[in-house]
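Source file: run-v2.pdb. Holds: PDB, C-alpha atoms, pLDDT in the B column.
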ATOM      1  CA  MET A   1      45.516 101.248  12.405  1.00 59.00           C
ATOM      2  CA  LEU A   2      48.564 100.834  10.197  1.00 73.00           C
ATOM      3  CA  GLY A   3      50.308 103.990  11.306  1.00 81.00           C
ATOM      4  CA  ILE A   4      50.003 105.779   7.959  1.00 83.00           C
ATOM      5  CA  THR A   5      47.717 108.505   6.741  1.00 88.00           C
ATOM      6  CA  LEU A   6      45.782 108.627   3.493  1.00 85.00           C
ATOM      7  CA  GLU A   7      48.211 111.249   2.182  1.00 87.00           C
ATOM      8  CA  GLN A   8      51.092 108.810   2.605  1.00 86.00           C
ATOM      9  CA  THR A   9      49.625 106.141   0.344  1.00 90.00           C
ATOM     10  CA  ARG A  10      50.914 105.543  -3.147  1.00 92.00           C
ATOM     11  CA  VAL A  11      47.412 105.744  -4.621  1.00 91.00           C
ATOM     12  CA  TYR A  12      46.875 109.173  -3.074  1.00 90.00           C
ATOM     13  CA  GLN A  13      50.281 110.428  -4.254  1.00 92.00           C
ATOM     14  CA  GLU A  14      49.647 109.187  -7.814  1.00 94.00           C
ATOM     15  CA  ALA A  15      46.195 110.768  -7.918  1.00 92.00           C
ATOM     16  CA  LYS A  16      47.595 114.032  -6.605  1.00 93.00           C
ATOM     17  CA  ALA A  17      50.362 114.031  -9.221  1.00 93.00           C
ATOM     18  CA  GLU A  18      47.862 113.321 -11.996  1.00 95.00           C
ATOM     19  CA  GLY A  19      45.625 116.133 -10.790  1.00 95.00           C
ATOM     20  CA  ARG A  20      48.564 118.525 -10.749  1.00 95.00           C
ATOM     21  CA  LYS A  21      49.530 117.489 -14.280  1.00 95.00           C
ATOM     22  CA  GLN A  22      45.975 118.059 -15.537  1.00 95.00           C
ATOM     23  CA  GLY A  23      45.797 121.424 -13.816  1.00 95.00           C
ATOM     24  CA  LEU A  24      49.034 122.577 -15.409  1.00 94.00           C
ATOM     25  CA  GLU A  25      47.835 121.504 -18.845  1.00 92.00           C
ATOM     26  CA  GLU A  26      44.538 123.346 -18.400  1.00 95.00           C
ATOM     27  CA  GLY A  27      46.411 126.445 -17.259  1.00 91.00           C
ATOM     28  CA  ARG A  28      48.668 126.277 -20.302  1.00 87.00           C
ATOM     29  CA  LYS A  29      45.674 126.027 -22.636  1.00 88.00           C
ATOM     30  CA  GLU A  30      44.003 128.992 -20.952  1.00 91.00           C
ATOM     31  CA  GLN A  31      47.175 131.023 -21.220  1.00 87.00           C
ATOM     32  CA  GLU A  32      47.492 130.200 -24.916  1.00 86.00           C
ATOM     33  CA  ALA A  33      43.877 131.192 -25.519  1.00 88.00           C
ATOM     34  CA  GLU A  34      44.482 134.568 -23.886  1.00 92.00           C
ATOM     35  CA  LEU A  35      47.929 135.385 -25.265  1.00 91.00           C
ATOM     36  CA  LEU A  36      48.040 133.994 -28.790  1.00 94.00           C
ATOM     37  CA  PRO A  37      45.297 136.225 -30.248  1.00 95.00           C
ATOM     38  CA  VAL A  38      47.239 139.257 -29.020  1.00 95.00           C
ATOM     39  CA  ILE A  39      50.840 138.329 -29.624  1.00 95.00           C
ATOM     40  CA  VAL A  40      50.662 136.404 -32.919  1.00 96.00           C
ATOM     41  CA  PRO A  41      49.433 139.342 -35.045  1.00 96.00           C
ATOM     42  CA  LEU A  42      52.102 141.575 -33.508  1.00 96.00           C
ATOM     43  CA  LEU A  43      54.883 139.113 -34.236  1.00 96.00           C
ATOM     44  CA  LEU A  44      53.621 138.577 -37.784  1.00 97.00           C
ATOM     45  CA  LYS A  45      53.537 142.342 -38.258  1.00 97.00           C
ATOM     46  CA  ILE A  46      57.235 142.632 -37.396  1.00 97.00           C
ATOM     47  CA  GLY A  47      58.046 139.930 -39.930  1.00 97.00           C
ATOM     48  CA  MET A  48      58.308 136.691 -38.001  1.00 97.00           C
ATOM     49  CA  SER A  49      57.169 133.560 -39.789  1.00 96.00           C
ATOM     50  CA  VAL A  50      54.421 131.331 -38.441  1.00 96.00           C
ATOM     51  CA  GLU A  51      56.974 128.572 -37.893  1.00 97.00           C
ATOM     52  CA  ASP A  52      59.336 130.865 -35.983  1.00 97.00           C
ATOM     53  CA  ILE A  53      56.508 132.115 -33.770  1.00 96.00           C
ATOM     54  CA  ALA A  54      55.383 128.561 -33.004  1.00 95.00           C
ATOM     55  CA  GLN A  55      58.929 127.538 -32.165  1.00 96.00           C
ATOM     56  CA  GLN A  56      59.625 130.556 -29.947  1.00 94.00           C
ATOM     57  CA  LEU A  57      56.317 130.235 -28.091  1.00 92.00           C
ATOM     58  CA  ASN A  58      56.593 126.437 -27.898  1.00 91.00           C
ATOM     59  CA  VAL A  59      53.171 125.877 -29.482  1.00 91.00           C
ATOM     60  CA  ALA A  60      51.942 124.003 -32.538  1.00 92.00           C
ATOM     61  CA  VAL A  61      52.069 125.742 -35.915  1.00 95.00           C
ATOM     62  CA  GLU A  62      48.327 125.105 -36.190  1.00 94.00           C
ATOM     63  CA  SER A  63      47.757 127.127 -33.022  1.00 91.00           C
ATOM     64  CA  VAL A  64      49.598 130.093 -34.503  1.00 94.00           C
ATOM     65  CA  GLU A  65      47.826 129.838 -37.848  1.00 94.00           C
ATOM     66  CA  LYS A  66      44.459 130.313 -36.138  1.00 92.00           C
ATOM     67  CA  TYR A  67      45.395 133.906 -35.384  1.00 89.00           C
ATOM     68  CA  ARG A  68      47.034 134.744 -38.694  1.00 86.00           C
TER      69      ARG A  68
END
Could you express the structure from this file as structure tokens?
Amino acid sequence: MLGITLEQTRVYQEAKAEGRKQGLEEGRKEQEAELLPVIVPLLLKIGMSVEDIAQQLNVAVESVEKYR
């Protein structure tokens, strides 16, 4: 009718971008849940501080403290 497809609409593009953003955030949370319990104790054992670990892993200090 108008010569455009659904995928070309702004609403579709915005929804797709929002879905991608949510998916990335969920993936990050899953990755943290799998890696932090393993890596935090090891890094603490070699003498890193909670703050240093949080900074290096780009996570909140509270997230690191859970696995102290």
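Straight-line separation from CA of Leu57 in chain A to CA of Gly23 in chain A: 19.8 Å.
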Discussion item. I want to know what sits within 7 Å of Pro41 in chain A, based on only C-alpha atoms, with residues of the same chain fewer than 3 positions away left out; could you give that as a PyMOL selection string?
Written reply: chain A and resi 38+44-45+67-68
Discussion item. So the first atom is CA of Ile53 in chain A and the second is CA of Val40 in chain A; what is the distance between them in Å, to one decimal place?
Written reply: 7.3 Å
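From CA of Gln31 in chain A back to CA of Ala15 in chain A, the distance works out to 24.3 Å.
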What does the PyMOL selection byres ((chain A and resi 65) around 10) select in this file, as an mmCIF file with C-alpha atoms, in the frame of the given file?
data_model
loop_
_atom_site.group_PDB
_atom_site.id
_atom_site.type_symbol
_atom_site.label_atom_id
_atom_site.label_comp_id
_atom_site.auth_asym_id
_atom_site.auth_seq_id
_atom_site.Cartn_x
_atom_site.Cartn_y
_atom_site.Cartn_z
ATOM 1 C CA LEU A 36 48.040 133.994 -28.790
ATOM 2 C CA VAL A 40 50.662 136.404 -32.919
ATOM 3 C CA VAL A 50 54.421 131.331 -38.441
ATOM 4 C CA GLU A 51 56.974 128.572 -37.893
ATOM 5 C CA ILE A 53 56.508 132.115 -33.770
ATOM 6 C CA ALA A 54 55.383 128.561 -33.004
ATOM 7 C CA ALA A 60 51.942 124.003 -32.538
ATOM 8 C CA VAL A 61 52.069 125.742 -35.915
ATOM 9 C CA GLU A 62 48.327 125.105 -36.190
ATOM 10 C CA SER A 63 47.757 127.127 -33.022
ATOM 11 C CA VAL A 64 49.598 130.093 -34.503
ATOM 12 C CA LYS A 66 44.459 130.313 -36.138
ATOM 13 C CA TYR A 67 45.395 133.906 -35.384
ATOM 14 C CA ARG A 68 47.034 134.744 -38.694
#
